[in-house]
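Colleague: Data file start_11.txt (compact mmCIF, C-alpha atoms and all ligand atoms) is appended below.
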# COMPACT_ATOMS: atom_id res chain seq x y z
CA MET M 1 11.02 -23.25 13.02
CA SER M 2 13.80 -20.68 13.30
CA LEU M 3 13.24 -17.60 11.17
CA PRO M 4 15.66 -14.84 10.17
CA TYR M 5 13.12 -12.08 10.95
CA ASP M 6 10.99 -11.29 14.02
CA LEU M 7 9.12 -8.39 12.43
CA ILE M 8 7.83 -8.08 8.86
CA LEU M 9 6.23 -4.92 7.50
CA PHE M 10 4.06 -5.26 4.41
CA ASP M 11 2.95 -2.68 1.91
CA LEU M 12 -0.77 -3.07 1.13
CA ASP M 13 -1.80 -2.01 -2.42
CA GLY M 14 -0.05 -4.15 -5.02
CA THR M 15 1.76 -6.32 -2.44
CA LEU M 16 -0.91 -8.03 -0.30
CA ILE M 17 -4.04 -7.07 -2.27
CA GLU M 18 -4.80 -6.12 -5.84
CA THR M 19 -6.81 -2.96 -5.21
CA ALA M 20 -6.38 -0.96 -8.42
CA PRO M 21 -9.58 -2.12 -10.25
CA GLU M 22 -11.95 -0.92 -7.52
CA ILE M 23 -9.91 2.26 -6.95
CA ALA M 24 -10.37 2.98 -10.68
CA ASP M 25 -14.12 2.28 -10.32
CA ALA M 26 -14.38 4.75 -7.43
CA VAL M 27 -12.33 7.40 -9.26
CA ASN M 28 -14.50 7.05 -12.36
CA ASP M 29 -17.74 7.07 -10.32
CA THR M 30 -16.51 10.34 -8.82
CA LEU M 31 -15.40 11.91 -12.10
CA SER M 32 -18.72 10.99 -13.70
CA GLU M 33 -20.77 12.40 -10.80
CA CYS M 34 -18.68 15.60 -10.97
CA GLY M 35 -19.20 15.96 -14.74
CA ARG M 36 -15.74 14.95 -15.89
CA PRO M 37 -14.49 12.31 -18.36
CA GLY M 38 -13.14 9.01 -17.02
CA VAL M 39 -9.53 7.86 -16.70
CA SER M 40 -8.00 4.50 -17.67
CA GLN M 41 -7.04 1.57 -15.46
CA GLN M 42 -3.40 2.02 -16.46
CA GLN M 43 -3.40 5.66 -15.39
CA VAL M 44 -4.84 4.71 -12.00
CA ASN M 45 -2.26 1.93 -11.57
CA ASP M 46 0.55 4.40 -12.24
CA TRP M 47 -0.85 6.96 -9.76
CA ILE M 48 -0.91 4.49 -6.84
CA GLY M 49 1.79 4.93 -4.22
CA HIS M 50 1.42 8.33 -2.56
CA GLY M 51 -1.97 7.72 -0.95
CA THR M 52 -5.52 7.60 -2.29
CA ARG M 53 -6.06 11.35 -1.82
CA GLU M 54 -3.00 12.11 -3.94
CA LEU M 55 -4.28 9.68 -6.57
CA LEU M 56 -7.59 11.58 -6.77
CA ILE M 57 -5.61 14.82 -7.09
CA GLN M 58 -3.65 13.32 -10.01
CA ALA M 59 -6.87 12.22 -11.72
CA LEU M 60 -8.41 15.70 -11.38
CA ALA M 61 -5.19 17.38 -12.51
CA PHE M 62 -5.39 15.20 -15.63
CA THR M 63 -9.09 15.78 -16.41
CA ASP M 64 -9.05 19.50 -15.60
CA GLU M 65 -5.62 20.17 -17.17
CA LEU M 66 -4.34 21.71 -13.94
CA SER M 67 -1.25 21.12 -11.81
CA ALA M 68 -1.58 18.89 -8.74
CA HIS M 69 -0.86 21.98 -6.66
CA GLU M 70 -3.79 23.85 -8.23
CA VAL M 71 -6.17 20.93 -7.59
CA ARG M 72 -5.00 20.51 -3.99
CA HIS M 73 -5.67 24.18 -3.24
CA SER M 74 -8.86 24.60 -5.27
CA ASN M 75 -12.12 25.50 -3.51
CA SER M 76 -13.94 22.51 -5.01
CA PHE M 77 -11.50 19.79 -3.92
CA ALA M 78 -12.95 19.07 -0.46
CA ALA M 79 -16.42 18.47 -1.92
CA ILE M 80 -15.06 16.18 -4.65
CA GLU M 81 -13.02 14.25 -2.08
CA ALA M 82 -16.21 13.69 -0.05
CA VAL M 83 -17.89 12.26 -3.18
CA PHE M 84 -14.87 10.02 -3.75
CA THR M 85 -14.88 8.77 -0.14
CA ARG M 86 -18.53 7.72 -0.50
CA HIS M 87 -17.83 5.84 -3.74
CA TYR M 88 -14.60 4.23 -2.54
CA GLN M 89 -16.13 2.99 0.72
CA ARG M 90 -18.91 1.42 -1.36
CA ARG M 91 -16.51 -0.12 -3.89
CA CYS M 92 -14.04 -1.52 -1.29
CA GLY M 93 -14.04 -5.31 -1.48
CA THR M 94 -15.99 -5.51 -4.76
CA ARG M 95 -13.09 -6.09 -7.17
CA SER M 96 -10.03 -6.35 -4.92
CA HIS M 97 -8.46 -9.70 -4.07
CA LEU M 98 -5.54 -11.11 -2.17
CA TYR M 99 -2.59 -12.14 -4.31
CA PRO M 100 -1.79 -15.89 -4.39
CA HIS M 101 -0.43 -17.45 -1.18
CA VAL M 102 -0.76 -14.25 0.85
CA SER M 103 -3.28 -15.64 3.30
CA GLU M 104 -1.51 -18.89 4.17
CA THR M 105 1.89 -17.19 4.32
CA LEU M 106 0.68 -14.60 6.82
CA GLU M 107 -1.03 -17.31 8.89
CA ALA M 108 2.18 -19.38 8.95
CA LEU M 109 4.37 -16.42 9.91
CA ARG M 110 1.94 -15.40 12.62
CA ALA M 111 1.81 -18.94 13.99
CA ALA M 112 5.63 -18.88 14.10
CA GLY M 113 5.51 -15.78 16.32
CA VAL M 114 6.59 -13.18 13.74
CA LYS M 115 5.10 -9.72 14.35
CA LEU M 116 3.23 -8.56 11.23
CA VAL M 117 2.55 -4.96 10.28
CA VAL M 118 0.75 -3.28 7.38
CA MET M 119 2.52 -0.10 6.33
CA THR M 120 0.65 1.72 3.58
CA ASN M 121 0.32 5.26 2.27
CA LYS M 122 -3.44 4.68 1.90
CA GLU M 123 -5.39 6.80 4.40
CA GLY M 124 -6.55 4.99 7.54
CA ARG M 125 -10.28 5.16 6.79
CA TYR M 126 -9.73 3.28 3.52
CA THR M 127 -7.09 0.90 4.90
CA GLN M 128 -9.52 -0.33 7.56
CA THR M 129 -12.32 -0.89 5.05
CA VAL M 130 -10.07 -2.84 2.65
CA LEU M 131 -8.61 -5.02 5.43
CA GLU M 132 -12.04 -5.71 6.90
CA ALA M 133 -13.53 -6.52 3.47
CA HIS M 134 -10.95 -9.32 3.23
CA ARG M 135 -11.15 -10.28 6.94
CA MET M 136 -7.44 -9.53 7.28
CA ALA M 137 -7.42 -7.05 10.16
CA PRO M 138 -6.91 -9.74 12.87
CA LEU M 139 -3.74 -11.00 11.16
CA PHE M 140 -1.78 -7.85 11.94
CA ASP M 141 -0.16 -6.62 15.14
CA ARG M 142 -0.20 -3.04 13.91
CA VAL M 143 -1.54 -1.08 10.93
CA ILE M 144 0.23 2.11 9.88
CA SER M 145 -1.56 4.19 7.25
CA GLY M 146 -0.63 7.30 5.31
CA ASP M 147 -2.19 9.57 7.93
CA THR M 148 -1.06 7.71 11.07
CA PHE M 149 1.98 9.98 11.40
CA PRO M 150 2.53 13.54 10.13
CA VAL M 151 4.66 12.12 7.29
CA LYS M 152 4.14 9.12 4.98
CA LYS M 153 6.49 6.60 3.38
CA PRO M 154 9.32 7.00 2.38
CA SER M 155 9.79 8.51 5.84
CA PRO M 156 11.13 5.77 8.16
CA ILE M 157 8.99 7.10 11.05
CA GLY M 158 6.70 4.03 10.94
CA ILE M 159 9.63 1.61 10.88
CA GLU M 160 11.18 3.33 13.88
CA ALA M 161 7.87 3.17 15.77
CA CYS M 162 7.53 -0.58 15.09
CA LEU M 163 11.13 -1.42 16.00
CA LYS M 164 10.52 0.33 19.30
CA GLN M 165 7.04 -1.14 19.96
CA PHE M 166 8.14 -4.72 19.29
CA ALA M 167 11.68 -4.26 20.72
CA THR M 168 13.14 -5.61 17.48
CA ALA M 169 16.76 -5.20 16.36
CA ARG M 170 17.07 -3.51 12.94
CA GLU M 171 18.67 -6.62 11.35
CA ARG M 172 15.69 -8.75 12.49
CA ALA M 173 13.15 -6.66 10.56
CA LEU M 174 12.12 -6.99 6.91
CA PHE M 175 10.01 -4.81 4.62
CA VAL M 176 8.05 -6.47 1.77
CA GLY M 177 6.74 -4.09 -0.87
CA ASP M 178 6.13 -3.42 -4.54
CA SER M 179 7.49 0.06 -5.26
CA SER M 180 10.41 2.46 -5.21
CA ILE M 181 8.68 4.16 -2.25
CA ASP M 182 8.81 0.92 -0.25
CA VAL M 183 12.48 0.31 -1.11
CA ALA M 184 13.32 3.91 -0.15
CA THR M 185 11.37 3.54 3.14
CA ALA M 186 13.25 0.39 4.11
CA ARG M 187 16.61 1.93 3.15
CA ALA M 188 15.82 5.05 5.20
CA GLY M 189 14.94 2.80 8.15
CA GLY M 190 18.03 0.64 7.69
CA ILE M 191 16.16 -2.66 7.30
CA ALA M 192 16.16 -5.37 4.60
CA VAL M 193 13.69 -5.08 1.73
CA TRP M 194 12.21 -7.72 -0.55
CA ALA M 195 9.91 -6.80 -3.42
CA VAL M 196 7.23 -8.41 -5.55
CA PRO M 197 7.27 -7.63 -9.29
CA TYR M 198 3.48 -7.73 -9.84
CA GLY M 199 2.38 -4.57 -8.01
CA TYR M 200 2.24 -0.87 -8.72
CA ASN M 201 5.58 0.80 -9.25
CA MET M 202 4.56 3.84 -11.28
CA GLY M 203 5.30 2.02 -14.53
CA GLU M 204 8.90 1.07 -13.65
CA PRO M 205 10.20 -2.51 -13.28
CA ILE M 206 10.85 -3.24 -9.59
CA GLU M 207 14.40 -4.45 -10.34
CA ALA M 208 15.34 -0.81 -11.13
CA CYS M 209 14.85 0.01 -7.43
CA GLN M 210 17.38 -2.62 -6.35
CA PRO M 211 15.59 -4.34 -3.47
CA ASP M 212 17.62 -7.00 -1.64
CA ARG M 213 15.51 -9.68 -3.35
CA VAL M 214 12.73 -9.81 -5.91
CA ILE M 215 10.31 -12.59 -4.96
CA PRO M 216 7.84 -13.82 -7.60
CA ASP M 217 5.10 -14.49 -5.04
CA PHE M 218 4.39 -15.13 -1.36
CA SER M 219 4.99 -18.90 -1.50
CA VAL M 220 8.64 -18.09 -2.16
CA LEU M 221 8.62 -15.82 0.86
CA THR M 222 7.64 -18.70 3.13
CA ARG M 223 10.24 -21.00 1.57
CA LEU M 224 13.04 -18.45 1.80
CA LEU M 225 12.18 -17.55 5.35
CA THR M 226 12.08 -21.12 6.55
CA GLY M 227 15.17 -22.18 4.60
O1 LIG B 301 -2.70 4.30 -1.49
C1 LIG B 301 -1.64 4.36 -2.16
O2 LIG B 301 -1.46 5.14 -3.11
C2 LIG B 301 -0.47 3.49 -1.81
O3 LIG B 301 -0.74 2.43 -0.99
P1 LIG B 301 0.48 1.44 -0.63
O4 LIG B 301 1.46 2.26 0.17
O5 LIG B 301 -0.21 0.36 0.14
O6 LIG B 301 1.06 0.94 -1.93
Represent the structure of the file as structure tokens.
Modeller:
Amino acid sequence: MSLPYDLILFDLDGTLIETAPEIADAVNDTLSECGRPGVSQQQVNDWIGHGTRELLIQALAFTDELSAHEVRHSNSFAAIEAVFTRHYQRRCGTRSHLYPHVSETLEALRAAGVKLVVMTNKEGRYTQTVLEAHRMAPLFDRVISGDTFPVKKPSPIGIEACLKQFATARERALFVGDSSIDVATARAGGIAVWAVPYGYNMGEPIEACQPDRVIPDFSVLTRLLTG
């Protein structure tokens, strides 16, 4: 089979795996243990995108009526983050699931020789746990998390590193994501970007970000790629 792309980079949360329910569980476990009221699933969904640490900062800014800056620089934040890490590691894999057709699509692309990369803003320690909970780690040639490089998406630093590692021409690489951050990352890296409409885009429809294509699910991805 002749494919138009040799390298495909996938966002994780909201693109490959629905992770928001167990992230909300871990946030609310943490808030409860730290004597704060809970937050809603919708709030958590809308805070996804800038990394799990930033999401926790948003939740605390909301419950404590502070700015994100104040939370980030408060004396208590490190201890609360440690509580969160314990809860999130325990919750990983309990209520997350792969979106339809993700598994077989990745297997088919891999079998066809396409290099596959996860590129997420989630911190590495959580990325590994989520991928392992779903036995997905062996499917990928490289995993780039929010703390792999000094800067996160939408910096194109991860795209540049992958183009170099896999000796791929820019026009032979594709980004598949669910948010304005993913579209901006691909644009900054000068590669094509397709987007799914079912993920977490901070409450905005994905069409507003003008990806090259909106694909309803991964089965379409296989069909479009194979013509
Ligand atoms: O952890 C996040 O907030 C975002 O993760 P994502 O980049 O995989 O969407």
Colleague: Considering all atoms listed in the file, state which residue in the set M:Asn45, M:Val151, M:Ile191, M:Val102 is at the smallest distance from M:Arg170.
Modeller: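 Among the listed residues, the smallest separation from M:Arg170 belongs to M:Ile191.
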Colleague: Compute the set of protein, DNA and RNA residues whose minimum atom distance to ligand LIG 301 (chain B) is at most 10 Å, using all atoms listed in the file, and state it as a PyMOL selection string.
Modeller: chain M and resi 10-20+23+44-56+118-124+126-127+144-146+152-154+177-179+181-182+199-201
Colleague: Enter the distance from atom CA of M:Arg125 to atom CA of M:Val71, in Å, rounded to one decimal.
Modeller: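 Between atom CA of M:Arg125 and atom CA of M:Val71 the gap works out to 21.7 Å.
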Colleague: Set the distance at 8 Å and use only C-alpha atoms: which residues neighbour M:Val114 once local chain neighbours fewer than 6 positions away are removed? I'd like the list as a list in words.
Modeller: Tyr5, Asp6, Leu7 and Ile8 of chain M
Colleague: Please, what distance in Å, to one decimal, runs between atom CA of M:Ala173 and atom CA of M:Ala108?
Modeller: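 Atom-to-atom, atom CA of M:Ala173 to atom CA of M:Ala108, that is 16.9 Å.
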Colleague: Give me, please, the distance in Å between atom CA of M:Cys34 and atom CA of M:Glu81, quoted to one decimal.
Modeller: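 Rounded to one decimal, the two atoms are 10.6 Å apart.
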Colleague: With all atoms listed in the file as the atoms that count, which of M:Ile57, M:Gly189, M:Ala167, M:Arg213 lies nearest to M:His73?
Modeller: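 Of the candidates, the smallest distance to M:His73 is held by M:Ile57.
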Colleague: Considering only C-alpha atoms, state which residue in the set M:Ala68, M:Ile215, M:Val196, M:Val83 is at the smallest distance from M:Val27.
Modeller: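 Using only C-alpha atoms, M:Val27 sits closest to M:Val83.
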Colleague: Select, from M:Gly190, M:Gly113, M:Gly35, M:Pro138, the residue with the minimum atom-to-atom distance to M:Ile80, counting all atoms listed in the file.
Modeller: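 Residue with the minimum atom-to-atom distance to M:Ile80: M:Gly35.
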Colleague: Give me, as a list in words, all polymer residues having an atom no more than 10 Å from M:Thr94, counting all atoms listed in the file and skipping those fewer than 6 positions away in the same chain.
Modeller: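 In the requested format, the answer is Thr19, Pro21, Glu22, Asp25, Val130 and Ala133 of chain M.
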Colleague: Go through M:Asp64, M:Arg72, M:Lys115, M:Leu131 and flag the residue nearest M:Gln89, using only C-alpha atoms for the distances.
Modeller: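 Ranked by minimum distance to M:Gln89, first place goes to M:Leu131.
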Colleague: Report as a PDB file with C-alpha atoms, in the coordinates of the input all protein, DNA and RNA residues lying within 9 Å of M:Leu139, evaluated on all atoms listed in the file, omitting residues in the same chain fewer than 4 positions from it.
Modeller:
ATOM      1  CA  LEU M 106       0.680 -14.600   6.820  1.00  0.00           C
ATOM      2  CA  GLU M 107      -1.030 -17.310   8.890  1.00  0.00           C
ATOM      3  CA  ARG M 110       1.940 -15.400  12.620  1.00  0.00           C
ATOM      4  CA  LEU M 116       3.230  -8.560  11.230  1.00  0.00           C
ATOM      5  CA  VAL M 117       2.550  -4.960  10.280  1.00  0.00           C
ATOM      6  CA  ARG M 135     -11.150 -10.280   6.940  1.00  0.00           C
TER       7      ARG M 135
END
Colleague: Which one is closest to M:His97: M:Val183, M:Met136, M:Ala24, M:Ala59? Count only C-alpha atoms.
Modeller: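 Closest to M:His97, using only C-alpha atoms: M:Met136.
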Colleague: What's around M:Val214 at 12 Å? Count all atoms listed in the file, leave out sequence neighbours fewer than 3 positions away in its own chain, and write the answer as a PyMOL selection string.
Modeller: chain M and resi 175-179+183+192-199+205-211+217-218+220-221+224
